[in-house]
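**Student:** Next up, coords_9.txt (compact mmCIF, C-alpha atoms and all ligand atoms).
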```txt
# COMPACT_ATOMS: atom_id res chain seq x y z
CA MET A 25 17.15 11.69 -17.34
CA PRO A 26 15.52 10.67 -14.06
CA ALA A 27 16.81 7.12 -14.53
CA GLN A 28 17.65 6.57 -10.84
CA LYS A 29 14.64 8.42 -9.54
CA PHE A 30 12.96 5.50 -7.78
CA SER A 31 15.82 3.78 -5.92
CA ALA A 32 16.14 1.89 -9.17
CA LYS A 33 19.85 1.11 -8.71
CA ALA A 34 19.03 -2.05 -6.77
CA HIS A 35 16.78 -3.11 -9.65
CA THR A 36 19.07 -2.21 -12.54
CA ARG A 37 22.65 -3.25 -11.76
CA THR A 38 24.53 -3.73 -15.02
CA ASP A 39 26.82 -6.44 -13.57
CA TYR A 40 23.95 -8.64 -12.40
CA ASN A 41 21.76 -10.94 -14.47
CA TYR A 42 18.15 -10.42 -13.37
CA SER A 43 15.36 -12.96 -13.75
CA ASN A 44 13.05 -12.77 -16.74
CA PHE A 45 10.16 -11.78 -14.50
CA HIS A 46 12.21 -8.92 -13.10
CA LYS A 47 13.02 -7.77 -16.64
CA SER A 48 9.31 -7.86 -17.46
CA LEU A 49 8.70 -5.42 -14.58
CA LEU A 50 11.18 -2.90 -16.01
CA HIS A 51 9.68 -0.41 -18.43
CA GLU A 52 11.26 2.04 -20.78
CA ASN A 53 9.64 4.82 -18.83
CA ASN A 54 10.70 3.90 -15.32
CA SER A 55 7.79 5.77 -13.75
CA GLU A 56 5.86 2.70 -14.96
CA ASP A 57 7.97 0.33 -12.84
CA TYR A 58 5.10 0.27 -10.39
CA ALA A 59 5.81 -3.07 -8.71
CA LEU A 60 9.51 -2.32 -8.28
CA ARG A 61 8.79 1.19 -6.99
CA HIS A 62 5.96 0.44 -4.60
CA LEU A 63 6.47 -3.18 -3.51
CA TYR A 64 10.14 -4.02 -3.86
CA SER A 65 11.47 -0.62 -2.89
CA LEU A 66 14.54 0.12 -0.78
CA GLU A 67 12.22 1.61 1.84
CA ASN A 68 10.36 -1.68 2.24
CA THR A 69 13.64 -3.62 2.14
CA LYS A 70 15.04 -1.47 4.98
CA VAL A 71 12.04 -2.36 7.15
CA LEU A 72 12.59 -6.07 6.44
CA LEU A 73 16.28 -5.82 7.38
CA GLU A 74 15.26 -4.08 10.59
CA LYS A 75 12.85 -6.92 11.36
CA TRP A 76 15.72 -9.37 10.85
CA GLY A 77 17.74 -7.63 13.51
CA TRP A 78 19.89 -5.29 11.45
CA SER A 79 20.91 -2.10 13.27
CA ALA A 80 20.29 1.31 11.74
CA ASP A 81 24.04 1.65 11.07
CA GLN A 82 24.25 -1.75 9.37
CA ILE A 83 21.30 -0.85 7.14
CA LYS A 84 22.81 2.53 6.31
CA ALA A 85 26.16 0.95 5.42
CA GLY A 86 24.64 -1.74 3.21
CA ILE A 87 21.47 -0.48 1.58
CA ASP A 88 23.26 1.31 -1.28
CA TYR A 89 24.79 -2.02 -2.28
CA ALA A 90 21.51 -3.93 -2.34
CA THR A 91 20.50 -5.90 -5.39
CA ILE A 92 16.79 -6.74 -5.47
CA ASP A 93 15.80 -9.35 -8.03
CA VAL A 94 12.09 -10.11 -8.31
CA TYR A 95 11.13 -13.59 -9.50
CA LYS A 96 7.60 -14.69 -10.29
CA ASN A 97 7.06 -16.32 -6.86
CA PHE A 98 9.68 -14.76 -4.57
CA VAL A 99 12.33 -12.08 -4.28
CA TYR A 100 16.10 -12.46 -4.06
CA LEU A 101 18.03 -9.92 -1.98
CA HIS A 102 21.78 -9.59 -2.08
CA ILE A 103 24.01 -7.20 -0.14
CA THR A 104 27.74 -7.74 -0.42
CA ASN A 105 29.76 -8.04 2.81
CA LYS A 106 32.90 -6.36 1.43
CA VAL A 107 32.96 -2.88 -0.05
CA THR A 108 35.70 -0.54 -1.18
CA LYS A 109 35.64 2.86 0.44
CA ARG A 110 38.30 5.46 -0.42
CA GLY A 111 40.48 2.71 -1.85
CA GLU A 112 40.14 0.57 1.25
CA LEU A 113 38.37 -2.78 1.46
CA ILE A 114 36.02 -2.83 4.44
CA LYS A 115 33.69 -5.49 5.81
CA ILE A 116 30.01 -4.69 6.26
CA ARG A 117 27.03 -6.86 7.15
CA GLY A 118 25.89 -8.69 4.06
CA ILE A 119 22.97 -10.89 3.08
CA SER A 120 22.01 -13.31 0.33
CA ARG A 121 18.55 -14.76 0.64
CA PHE A 122 15.19 -15.44 -0.93
CA ILE A 123 12.25 -13.55 0.54
CA SER A 124 8.56 -14.31 0.28
CA LYS A 125 6.50 -11.68 -1.54
CA ALA A 126 4.14 -11.93 1.44
CA ASP A 127 6.83 -10.18 3.52
CA PHE A 128 7.03 -7.24 1.14
CA VAL A 129 3.23 -7.01 0.99
CA SER A 130 2.87 -7.01 4.76
CA VAL A 131 5.56 -4.35 5.15
CA LEU A 132 3.74 -2.16 2.62
CA VAL A 133 0.46 -2.66 4.50
CA GLU A 134 2.13 -1.89 7.84
CA ARG A 135 3.80 1.25 6.50
CA CYS A 136 0.54 2.56 5.00
CA TRP A 137 -1.28 1.76 8.23
CA SER A 138 1.26 3.61 10.39
CA LYS A 139 1.06 6.68 8.13
CA ALA A 140 -2.75 6.70 8.15
CA ASP A 141 -4.15 9.68 10.04
CA PRO A 142 -7.95 9.79 10.46
CA TYR A 143 -7.72 13.42 11.59
CA LYS A 144 -6.75 14.40 8.06
CA LEU A 145 -10.15 13.24 6.81
CA GLN A 146 -13.36 15.17 6.60
CA PRO A 147 -16.87 14.18 5.51
CA GLY A 148 -17.64 14.42 1.80
CA ASP A 149 -20.91 15.37 0.13
CA ASN A 150 -22.35 11.89 0.59
CA TRP A 151 -22.18 9.28 3.34
CA ASP A 152 -19.95 7.08 1.15
CA GLU A 153 -17.36 9.79 0.48
CA LEU A 154 -14.56 11.21 2.59
CA ILE A 155 -12.10 13.93 1.69
CA ALA A 156 -8.40 13.48 2.56
CA ARG A 157 -6.19 16.50 2.98
CA GLY A 158 -2.67 16.11 1.54
CA ASN A 159 0.44 17.67 3.06
CA THR A 160 0.64 20.32 0.35
CA GLY A 161 -2.94 21.46 0.80
CA ASP A 162 -4.37 19.33 -1.99
CA PHE A 163 -7.44 17.13 -1.53
CA TYR A 164 -8.20 13.54 -2.47
CA GLU A 165 -11.54 11.80 -2.75
CA VAL A 166 -11.87 8.64 -0.72
CA LYS A 167 -14.83 6.62 -1.96
CA LEU A 168 -16.36 3.94 0.27
CA TYR A 169 -17.68 0.94 -1.64
CA GLN A 170 -19.10 -2.12 0.06
CA TYR A 171 -16.05 -4.32 -0.47
CA GLU A 172 -13.26 -1.81 -1.01
CA ILE A 173 -12.21 1.81 -0.80
CA THR A 174 -10.62 3.79 -3.62
CA CYS A 175 -8.65 7.01 -3.44
CA THR A 176 -7.77 9.60 -6.08
CA CYS A 177 -4.17 10.15 -4.87
CA HIS A 178 -1.07 9.20 -6.90
CA ALA A 179 0.16 6.63 -4.40
CA TYR A 180 -3.12 4.71 -4.64
CA SER A 181 -3.07 4.49 -8.42
CA GLY A 182 0.64 3.54 -8.38
CA ILE A 183 0.11 0.80 -5.79
CA GLU A 184 -2.94 -0.49 -7.66
CA LYS A 185 -0.85 -0.76 -10.84
CA ALA A 186 1.98 -2.40 -8.87
CA PHE A 187 -0.33 -5.25 -7.85
CA ALA A 188 -1.73 -5.46 -11.38
CA GLN A 189 1.84 -6.17 -12.58
CA ASP A 190 2.43 -8.93 -10.03
CA PRO A 191 -0.17 -11.72 -9.64
CA VAL A 192 1.67 -13.49 -6.81
CA ALA A 193 1.89 -10.26 -4.80
CA THR A 194 -1.84 -9.83 -5.41
CA LYS A 195 -2.46 -13.32 -4.04
CA HIS A 196 -0.54 -12.40 -0.89
CA LEU A 197 -2.52 -9.17 -0.63
CA MET A 198 -5.72 -11.25 -0.62
CA LEU A 199 -4.23 -13.49 2.09
CA ASN A 200 -2.94 -10.58 4.17
CA PRO A 201 -4.90 -10.68 7.45
CA VAL A 202 -5.37 -6.89 7.52
CA ALA A 203 -5.78 -5.87 3.88
CA GLN A 204 -7.63 -9.02 2.71
CA GLY A 205 -7.31 -7.73 -0.85
CA GLN A 206 -7.83 -4.03 -0.18
CA ILE A 207 -5.24 -1.92 -2.06
CA PRO A 208 -3.21 -0.37 0.76
CA ASP A 209 -3.02 3.42 0.85
CA LYS A 210 -2.60 5.74 3.83
CA HIS A 211 -5.85 7.59 3.06
CA ILE A 212 -7.78 4.34 2.81
CA PHE A 213 -6.46 3.08 6.13
CA ALA A 214 -7.20 6.52 7.57
CA ALA A 215 -10.80 5.94 6.44
CA TRP A 216 -10.78 2.53 8.16
CA LYS A 217 -9.57 4.15 11.38
CA TYR A 218 -12.15 6.93 10.90
CA ILE A 219 -15.05 4.49 10.81
CA GLY A 220 -13.53 2.08 13.33
CA ALA A 221 -12.25 -0.86 11.24
CA GLU A 222 -8.93 -2.70 11.41
CA THR A 223 -9.53 -5.31 8.71
CA LEU A 224 -11.51 -5.50 5.47
CA ARG A 225 -14.18 -7.71 7.12
CA GLN A 226 -14.67 -5.11 9.85
CA TYR A 227 -14.78 -2.40 7.23
CA GLU A 228 -17.56 -4.19 5.34
CA TYR A 229 -19.58 -4.40 8.54
CA CYS A 230 -18.97 -0.73 9.37
CA TRP A 231 -19.90 0.20 5.80
CA LEU A 232 -23.31 -1.48 6.14
CA GLU A 233 -23.97 0.27 9.43
CA ARG A 234 -22.91 3.59 7.97
CA LYS A 235 -25.21 3.06 5.00
CA GLU A 236 -28.17 2.13 7.22
CA THR A 237 -27.66 5.19 9.38
CA ALA A 238 -27.42 7.43 6.32
CA MET A 239 -30.59 5.93 4.82
CA LYS A 240 -32.53 6.44 8.04
CA GLU A 241 -31.40 10.05 8.23
CA GLN A 242 -32.31 10.59 4.62
CA ALA A 243 -35.75 9.06 5.09
CA TRP A 244 -36.30 11.25 8.13
CA GLN A 245 -35.16 14.37 6.23
CA PHE A 246 -37.59 13.83 3.40
CA ASN A 247 -40.44 12.52 5.54
CA PRO A 248 -40.07 13.89 9.03
CA GLU A 249 -43.68 13.15 10.07
CA PRO A 250 -43.57 10.23 12.49
CA GLU A 251 -46.81 8.67 11.17
CA ARG A 252 -45.11 7.96 7.82
CA GLU A 253 -42.12 6.22 9.37
CA SER A 254 -43.59 2.75 8.84
CA GLU A 255 -43.22 3.15 5.08
CA PHE A 256 -39.48 3.09 5.54
CA ALA A 257 -39.29 0.21 7.92
CA ASP A 258 -37.45 -1.89 5.37
CA TRP A 259 -34.64 0.62 5.13
ZN ZN A 301 -4.74 8.05 -1.15
```
Output the file's structure in the form of structure tokens.
**Tutor:**
Amino acid sequence: MPAQKFSAKAHTRTDYNYSNFHKSLLHENNSEDYALRHLYSLENTKVLLEKWGWSADQIKAGIDYATIDVYKNFVYLHITNKVTKRGELIKIRGISRFISKADFVSVLVERCWSKADPYKLQPGDNWDELIARGNTGDFYEVKLYQYEITCTCHAYSGIEKAFAQDPVATKHLMLNPVAQGQIPDKHIFAAWKYIGAETLRQYEYCWLERKETAMKEQAWQFNPEPERESEFADW
């Protein structure tokens, strides 16, 4: 059984009593634990610890002992400061604190942004499509809508479902100064970089420009005679 497949230990300690909201995020098939996997993951927690001044060694020593309990409005993180190793009690850096979901959301956005590589994109068949090349040679369709981008990769659909499971995280995604509600995914942010946007507002502006340019080109392709140009002035 792949029970521990998604760093789930921190989410499923048998000696800890999790909140009801946390329990509601746990599913029989743990590949459906989207919010726990994508938002409240050990990877995101490590980045938060780093931001709070933990050294790489302190994180390494403690992260296996983390308990991550997700409440409706915030997250509780606990790492013990005493552990037994080879029969010996040793002291490590510990923590016990509540964390805003906004912090987890912004770490997810930052991590997707830093992994986004516009050079892995190529034009699709239409002006509102880009193709993203995966590491294993597979391809994903990145579709540019006026107010959002979607992607056909697994991470995108998982992250989308993660936010669907967690309304407060979704609220923080809307308030996030970069994402402004856009589901974060490395291919989507690659598309932003590709067309020159760093926030959703900028993306919307770039999208309109891209559309206008494409429409003009299309009009010219179908009606290249200059005397007919006035018919398309509204475009
Ligand atoms: Zn993607």
**Student:** Using only C-alpha atoms and all ligand atoms, find each residue with an atom at most 8 Å away from ligand ZN 301 (chain A) and format the answer as a ChimeraX atom specification.
**Tutor:** /A:156,164-166,174-180,209-212
**Student:** Taking all listed atoms of range 114-121 of chain A, build the axis-aligned box, pad each of the six sides by 8 Å, then write its centre and edge lengths in Å to one decimal as JSON.
**Tutor:**
```
{"center_x": 27.3, "center_y": -8.8, "center_z": 3.7, "size_x": 33.5, "size_y": 27.9, "size_z": 22.8}
```
**Student:** When you draw a straight line from CA of His51 in chain A to CA of Val71 in chain A, how long is it in Å?
**Tutor:**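 Those two atoms sit 25.8 Å apart.
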**Student:** Produce a table with one row for each residue of range 57-89 of chain A that has an atom at most 9 Å from any atom of range 33-45 of chain A, each row naming the nearest atom pair and its distance in Å at one decimal; use all atoms listed in the file; arrange rows by chain and rising residue number; format as a tab-separated table.
**Tutor:**
```
residue	atom	partner	partner_atom	distance
A:Leu60	CA	A:His35	CA	7.4
A:Tyr64	CA	A:His35	CA	8.9
A:Ser65	CA	A:Ala34	CA	8.6
A:Leu66	CA	A:Ala34	CA	7.8
A:Ile87	CA	A:Ala34	CA	8.8
A:Asp88	CA	A:Ala34	CA	7.7
A:Tyr89	CA	A:Ala34	CA	7.3
```
**Student:** With distances taken over all atoms listed in the file, which of A:Pro201, A:Pro142, A:Gly161, A:Gly148 is nearest to Tyr218 in chain A?
**Tutor:**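 Of A:Pro201, A:Pro142, A:Gly161, A:Gly148, the one nearest Tyr218 in chain A is A:Pro142, counting all atoms listed in the file.
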**Student:** Mind dumping a table of every range 63-160 of chain A residue within 7 Å of range 188-195 of chain A, with the nearest atom pair and its distance in Å to one decimal, using only C-alpha atoms, sorted by chain and rising number, as CSV?
**Tutor:**
```
residue,atom,partner,partner_atom,distance
A:Lys96,CA,A:Val192,CA,7.0
A:Asn97,CA,A:Val192,CA,6.1
A:Lys125,CA,A:Ala193,CA,5.8
A:Ala126,CA,A:Ala193,CA,6.8
A:Val129,CA,A:Ala193,CA,6.8
```
**Student:** Grab the CA of Gly118 in chain A to CA of Ile103 in chain A distance for me, in Å with one decimal place.
**Tutor:**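 Calculated distance between CA of Gly118 in chain A and CA of Ile103 in chain A is 4.8 Å.
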**Student:** Considering all atoms listed in the file, state which residue in the set A:Lys70, A:Ala140, A:Ser181, A:Arg117 is at the smallest distance from Ala85 in chain A.
**Tutor:**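 Ranked by minimum distance to Ala85 in chain A, first place goes to A:Arg117.
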**Student:** Just checking: using only C-alpha atoms, which residue out of A:Ser48, A:Asn150, A:Thr223, A:Asn105 ends up closest to Asp93 in chain A?
**Tutor:**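 Going through A:Ser48, A:Asn150, A:Thr223, A:Asn105 one by one, the smallest distance to Asp93 in chain A is for A:Ser48.
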**Student:** Would you compute the distance between CA of Ser130 in chain A and CA of Ala203 in chain A? Give it in Å to one decimal.
**Tutor:**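 Computing the Euclidean distance for CA of Ser130 in chain A and CA of Ala203 in chain A yields 8.8 Å.
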